[in-house]
Structure formats: structure tokens, C-alpha cells
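This report refers to the structure that appears directly beneath it.
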Amino acid sequence: MAFILPDQVDVFPHPYLSQEDGFLAVSENITVERLLLAYQFGIFPWNGPEDPVLWWYTHPRCVLYPEEIKIQKSMKSYLNNEKFGWSMDTSFDRVIDHCMRAKRKDQQGTWITDIIKTSFQQLHEMGYAHSVEIWQEEKLVGGLYGLSLGKIFFGESMFAHVSNASKFALIKLAQWLKDRNFWLIDCQQDTAHLRTMGSQLISKEDFFEILKRNALQETLLGPWVK
């Protein structure tokens with residue numbers, strides 16, 4: 001049974017109380033303050049456009065350590081020959097718009113609702129949310145966005161209009177985070193695509209211990225520059 005979060009109370013039940021599938025709580029609204037609190041404890045919203053706000057703490061947790069990013073042979077030519085250009089935090093609104101419209105296998109519609117979009121745009125203006133943009137002949141062909149707290153980047157969504165554009169974005173992000181001593185990228189959901197990039201599953205207990213240590217780390221507020 002999920003917990004109901006009253007609008008006037010900004011607290012969350014302990015993540016260990018989430019159900020087997022990770023479902024933890026439900027609320028009627030989202031604020032940037034509630035989002036920042038949620039992500040501090042590894043909790044994130046994920047629901048359809050017609051649903052109330054559903055909050056999750058998925059476990060075991062899919063994470064990617066920046067230093068363990070896997071670069072497949074097919075990607076090395078993209079990195080060596082500069083087939084793509086890339087940037088950070090130059091087109092956040094466009095990236096989230098493309099992620100909203102991206103078609104996902106086995107998904108009807110998008111979980112990036114208007115309130116999620118607006119909230120993350122506010123977080124971007126506050127310096128917490130960031131994007132990676134991938135360019136080909138001056139066209140935006142791929143990218144990703146997420147939230148940064150302490151030494152963790154909480155990945156939200158990615159898109160690609162040409163082959164390998166989203167992989168290129170994740171590789172560039174991981175390399176950039178590694179150079180700045182970030183601990184991990186939280187992938188939230190376990191997918192075959194992320195596994196090929198080097199992601200792995202860790203227990204809810206191990207993830208929560210990392211989150212507790214992360215709460216003491218300073219956040220690198222944006223805008224980020226490559």
C-alpha cells in the first residue's frame with residue numbers, strides 16, 4: 001500500500017518502505033522543493049499524464065559509475081572522428097521537449113508531464129538540472145537531461161534522432177563527471193541499453209548508504225560548461 005503525501009507536508013516515508021516494484025507514495029502536486037528533497041533520498045516521480053504524482057524508489061538500483069563507462073568498438077569512430085559535436089546546458093528546453101516526444105518501446109505516451117517539464121525548467125534555472133546536447137551539422141540530434149546533487153547525477157531521460165546520438169551523450173557526460181570526481185550516475189530504471197554502456201545493479205541498502213554520504217557533499221551548480 002502506497003503512502004499519501006498531503007500537500008502541506010514536505011516529508012517522505014523512508015525509501016525502504018517502498019513496494020517490491022519500487023512504488024512508494026502518491027501526491028497531488030509537485031514543487032521544486034519537494035523534488036529536491038525526494039532526489040536527496042533517491043526518490044523520483046514517474047507517472048502518466050492523467051495520473052496523480054507517483055513517487056518511486058526502485059531497487060535494486062541501476063547505476064553507472066563514470067569511470068566504468070563502456071565504449072563499444074562501434075562508438076570509437078564517433079569519438080575519434082568527431083562525427084558529433086556536443087555541448088552542455090545550451091538548449092535545456094529543447095532537450096526536454098525532445099525527450100517528451102520520444103517514442104519508447106512498450107510505453108503509451110510520456111511520463112514527462114507538463115508539471116514535470118516546468119519543474120525541471122525551474123531546477124535548471126536554479127542550477128540543479130542540466131542537459132547534454134549532441135549536434136550534427138548544427139542540428140540537435142540527441143541528448144539527455146538530469147539532476148545533480150552532491151556527487152551524484154540523477155539521469156532522467158535521453159533521446160536520439162540519429163543512431164548512437166544518445167550513447168554519445170552518455171559517454172561524454174560520464175567522462176565529464178569522472179574528471180570532476182562524481183561518484184555515480186543514477187539510472188533509475190534497468191534497461192538492456194544501459195547495461196551495454198556499463199550500468200549495474202546495487203542493493204537498496206548500498207544505494208542508500210551512498211545517498212547518506214552524498215548529502216554532505218557540495219553541489220556543483222550550473223550552468224555547466226564542457
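By order in the C-alpha cells, chains are A, B, ...; within a chain, residues start at 1; ligands start at 1, following the order shown.
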
List the neighbours of His59 in chain A out to 12 Å using only C-alpha atoms; skip same-chain residues closer than 6 positions along the sequence, and give me the result as a CSV table (one decimal) with N, CA and C atoms, in the first residue's frame.
chain,number,residue,atom,x,y,z
A,15,PRO,N,12.6,5.3,2.2
A,15,PRO,CA,12.6,4.6,1.0
A,15,PRO,C,12.5,3.1,1.1
A,16,TYR,N,13.0,2.5,2.2
A,16,TYR,CA,12.9,1.1,2.4
A,16,TYR,C,11.5,0.6,2.5
A,17,LEU,N,10.5,1.5,2.7
A,17,LEU,CA,9.1,1.2,2.8
A,17,LEU,C,8.5,1.0,1.4
A,18,SER,N,9.2,1.3,0.4
A,18,SER,CA,8.7,1.1,-1.0
A,18,SER,C,8.3,-0.3,-1.3
A,19,GLN,N,7.4,-0.5,-2.2
A,19,GLN,CA,6.9,-1.8,-2.5
A,19,GLN,C,8.0,-2.6,-3.4
A,20,GLU,N,7.7,-3.8,-3.7
A,20,GLU,CA,8.7,-4.6,-4.4
A,20,GLU,C,9.1,-4.0,-5.7
A,21,ASP,N,8.1,-3.4,-6.4
A,21,ASP,CA,8.4,-2.7,-7.7
A,21,ASP,C,8.9,-1.3,-7.5
A,22,GLY,N,9.1,-0.9,-6.3
A,22,GLY,CA,9.6,0.5,-6.0
A,22,GLY,C,8.6,1.5,-5.7
A,23,PHE,N,7.3,1.3,-5.9
A,23,PHE,CA,6.3,2.3,-5.7
A,23,PHE,C,6.2,2.6,-4.2
A,24,LEU,N,6.3,3.9,-3.9
A,24,LEU,CA,6.4,4.4,-2.5
A,24,LEU,C,5.3,5.3,-2.1
A,42,GLY,N,16.9,9.5,-3.1
A,42,GLY,CA,16.8,8.6,-4.2
A,42,GLY,C,15.4,8.3,-4.7
A,43,ILE,N,14.4,9.2,-4.3
A,43,ILE,CA,13.0,9.0,-4.7
A,43,ILE,C,12.8,9.9,-5.9
A,186,ASP,N,22.9,7.9,-11.4
A,186,ASP,CA,21.7,7.1,-11.1
A,186,ASP,C,20.8,6.9,-12.3
A,187,CYS,N,20.7,5.7,-12.8
A,187,CYS,CA,19.9,5.4,-14.0
A,187,CYS,C,18.4,5.1,-13.7
A,188,GLN,N,18.1,4.9,-12.5
A,188,GLN,CA,16.7,4.7,-12.0
A,188,GLN,C,16.1,3.3,-12.5
A,189,GLN,N,16.1,3.2,-13.9
A,189,GLN,CA,15.5,2.0,-14.4
A,189,GLN,C,16.6,1.1,-15.1
A,190,ASP,N,16.5,-0.2,-14.9
A,190,ASP,CA,17.4,-1.1,-15.5
A,190,ASP,C,16.9,-1.4,-16.9
A,200,GLN,N,25.1,-1.2,-13.8
A,200,GLN,CA,25.0,-2.4,-12.9
A,200,GLN,C,23.9,-2.2,-11.8
A,201,LEU,N,23.5,-3.2,-11.2
A,201,LEU,CA,22.5,-3.1,-10.1
A,201,LEU,C,23.2,-3.2,-8.8
A,202,ILE,N,22.8,-2.3,-7.9
A,202,ILE,CA,23.3,-2.4,-6.5
A,202,ILE,C,22.1,-2.5,-5.6
A,203,SER,N,22.2,-3.0,-4.4
A,203,SER,CA,21.1,-3.2,-3.5
A,203,SER,C,20.6,-1.8,-3.0
A,204,LYS,N,19.3,-1.8,-2.5
A,204,LYS,CA,18.8,-0.6,-2.0
A,204,LYS,C,19.5,-0.1,-0.8
A,205,GLU,N,20.1,-1.0,0.0
A,205,GLU,CA,20.9,-0.6,1.2
A,205,GLU,C,22.2,0.1,0.7
A,206,ASP,N,22.9,-0.5,-0.2
A,206,ASP,CA,24.1,0.1,-0.7
A,206,ASP,C,23.9,1.5,-1.3
A,207,PHE,N,22.8,1.6,-2.1
A,207,PHE,CA,22.5,2.9,-2.7
A,207,PHE,C,22.1,3.9,-1.7
A,208,PHE,N,21.4,3.5,-0.6
A,208,PHE,CA,21.0,4.5,0.4
A,208,PHE,C,22.2,4.9,1.2

Selection: 6 Å around Ser131 in chain A, only C-alpha atoms, excl. self and same-chain fewer than 6 positions, as a ChimeraX atom specification: /A:88-89,92,144-145

Would you give me, as a count of residues only, the residues in chain A that DSSP reads as helix (DSSP H, G or I)? 77

Give me the residues within 8 Å of range 70-85 of chain A as a compact mmCIF listing (two decimals) with N, CA and C atoms, in the first residue's frame, counting only C-alpha atoms and dropping any in the same chain fewer than 6 places off.
# COMPACT_ATOMS: atom_id res chain seq x y z
N ILE A 134 23.70 16.93 -28.30
CA ILE A 134 24.51 16.35 -29.36
C ILE A 134 24.09 16.96 -30.70
N TRP A 135 25.08 17.42 -31.46
CA TRP A 135 24.82 18.17 -32.69
C TRP A 135 25.44 17.46 -33.88
N GLN A 136 24.74 17.56 -35.01
CA GLN A 136 25.26 17.07 -36.28
C GLN A 136 24.87 18.09 -37.35
N ASN A 164 23.16 6.25 -32.36
CA ASN A 164 24.27 6.43 -31.43
C ASN A 164 24.36 7.82 -30.80
N ALA A 165 23.42 8.70 -31.08
CA ALA A 165 23.50 10.05 -30.51
C ALA A 165 23.32 10.04 -29.00
N PHE A 168 26.43 8.60 -27.37
CA PHE A 168 27.49 9.61 -27.38
C PHE A 168 27.28 10.60 -26.24
N ILE A 171 28.27 8.90 -22.91
CA ILE A 171 29.71 8.76 -22.80
C ILE A 171 30.37 10.09 -22.44
N THR A 196 24.57 -2.31 -21.71
CA THR A 196 25.65 -2.31 -22.71
C THR A 196 26.62 -1.16 -22.50
N MET A 197 26.16 -0.12 -21.78
CA MET A 197 27.01 1.03 -21.51
C MET A 197 27.79 0.89 -20.21
N GLY A 198 27.54 -0.18 -19.47
CA GLY A 198 28.30 -0.42 -18.25
C GLY A 198 27.54 -0.26 -16.96

Nearest residue to His14 in chain A from the set A:Ala38, A:Ile116, A:Leu54, A:Ile30 (distances using only C-alpha atoms): A:Ala38

Just list the residues in range 20-92 of chain A DSSP gives strand (DSSP E or B) on the backbone, as a PyMOL selection string. chain A and resi 23-27+44-45+53-56+61-64+85-88

Got time to write the residues from that selection, C-alpha atoms, as a PDB file, in the first residue's frame?
ATOM      1  CA  PHE A  23       6.294   2.275  -5.672  1.00  0.00           C
ATOM      2  CA  LEU A  24       6.401   4.390  -2.512  1.00  0.00           C
ATOM      3  CA  ALA A  25       3.928   7.263  -2.368  1.00  0.00           C
ATOM      4  CA  VAL A  26       1.350   9.373  -4.170  1.00  0.00           C
ATOM      5  CA  SER A  27       0.662  13.100  -4.092  1.00  0.00           C
ATOM      6  CA  PHE A  44      11.706  10.191  -8.080  1.00  0.00           C
ATOM      7  CA  PRO A  45       8.326  10.877  -9.763  1.00  0.00           C
ATOM      8  CA  VAL A  53       2.086  12.135  -8.925  1.00  0.00           C
ATOM      9  CA  LEU A  54       3.545   8.690  -8.215  1.00  0.00           C
ATOM     10  CA  TRP A  55       6.831   8.526  -6.296  1.00  0.00           C
ATOM     11  CA  TRP A  56       9.285   5.618  -6.607  1.00  0.00           C
ATOM     12  CA  ARG A  61      19.115   0.281  -8.204  1.00  0.00           C
ATOM     13  CA  CYS A  62      20.581   0.632 -11.669  1.00  0.00           C
ATOM     14  CA  VAL A  63      23.650   2.876 -11.508  1.00  0.00           C
ATOM     15  CA  LEU A  64      26.589   3.709 -13.731  1.00  0.00           C
ATOM     16  CA  GLY A  85      29.547  17.975 -31.705  1.00  0.00           C
ATOM     17  CA  TRP A  86      28.391  18.318 -28.124  1.00  0.00           C
ATOM     18  CA  SER A  87      27.593  20.948 -25.527  1.00  0.00           C
ATOM     19  CA  MET A  88      26.129  21.272 -22.037  1.00  0.00           C
TER      20      MET A  88
END

Write out as a list in words each polymer residue whose atoms come within 8 Å of Gly143 in chain A, counting only C-alpha atoms; drop sequence neighbours fewer than 6 positions from it.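 The filter keeps Val95, Ser131, Val132, Glu133, Ile134, Met158, Phe159, Ala160, Ala165, Ser166 and Ala169 of chain A.
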
Export, as a PDB file, in the first residue's frame, the selected residues with N, CA and C atoms.
ATOM      1  N   VAL A  95      16.010  20.038 -25.279  1.00  0.00           N
ATOM      2  CA  VAL A  95      16.296  18.645 -24.932  1.00  0.00           C
ATOM      3  C   VAL A  95      15.100  18.010 -24.228  1.00  0.00           C
ATOM      4  N   SER A 131      21.648  19.600 -18.973  1.00  0.00           N
ATOM      5  CA  SER A 131      21.433  18.858 -20.214  1.00  0.00           C
ATOM      6  C   SER A 131      22.750  18.683 -20.956  1.00  0.00           C
ATOM      7  N   VAL A 132      22.807  17.622 -21.739  1.00  0.00           N
ATOM      8  CA  VAL A 132      23.887  17.394 -22.700  1.00  0.00           C
ATOM      9  C   VAL A 132      23.250  17.389 -24.076  1.00  0.00           C
ATOM     10  N   GLU A 133      23.791  18.165 -24.982  1.00  0.00           N
ATOM     11  CA  GLU A 133      23.239  18.269 -26.326  1.00  0.00           C
ATOM     12  C   GLU A 133      24.220  17.695 -27.347  1.00  0.00           C
ATOM     13  N   ILE A 134      23.700  16.934 -28.305  1.00  0.00           N
ATOM     14  CA  ILE A 134      24.514  16.348 -29.364  1.00  0.00           C
ATOM     15  C   ILE A 134      24.085  16.961 -30.700  1.00  0.00           C
ATOM     16  N   MET A 158      16.656  10.521 -22.104  1.00  0.00           N
ATOM     17  CA  MET A 158      17.517  10.811 -23.238  1.00  0.00           C
ATOM     18  C   MET A 158      16.746  10.579 -24.528  1.00  0.00           C
ATOM     19  N   PHE A 159      17.268  11.119 -25.607  1.00  0.00           N
ATOM     20  CA  PHE A 159      16.628  10.909 -26.912  1.00  0.00           C
ATOM     21  C   PHE A 159      17.712  10.859 -27.986  1.00  0.00           C
ATOM     22  N   ALA A 160      17.354  10.291 -29.129  1.00  0.00           N
ATOM     23  CA  ALA A 160      18.260  10.236 -30.270  1.00  0.00           C
ATOM     24  C   ALA A 160      17.443  10.264 -31.557  1.00  0.00           C
ATOM     25  N   ALA A 165      23.421   8.703 -31.076  1.00  0.00           N
ATOM     26  CA  ALA A 165      23.498  10.051 -30.512  1.00  0.00           C
ATOM     27  C   ALA A 165      23.317  10.040 -28.995  1.00  0.00           C
ATOM     28  N   SER A 166      22.387   9.236 -28.487  1.00  0.00           N
ATOM     29  CA  SER A 166      22.183   9.193 -27.037  1.00  0.00           C
ATOM     30  C   SER A 166      23.355   8.493 -26.345  1.00  0.00           C
ATOM     31  N   ALA A 169      26.040  10.987 -25.996  1.00  0.00           N
ATOM     32  CA  ALA A 169      25.736  11.920 -24.913  1.00  0.00           C
ATOM     33  C   ALA A 169      26.104  11.328 -23.559  1.00  0.00           C
TER      34      ALA A 169
END
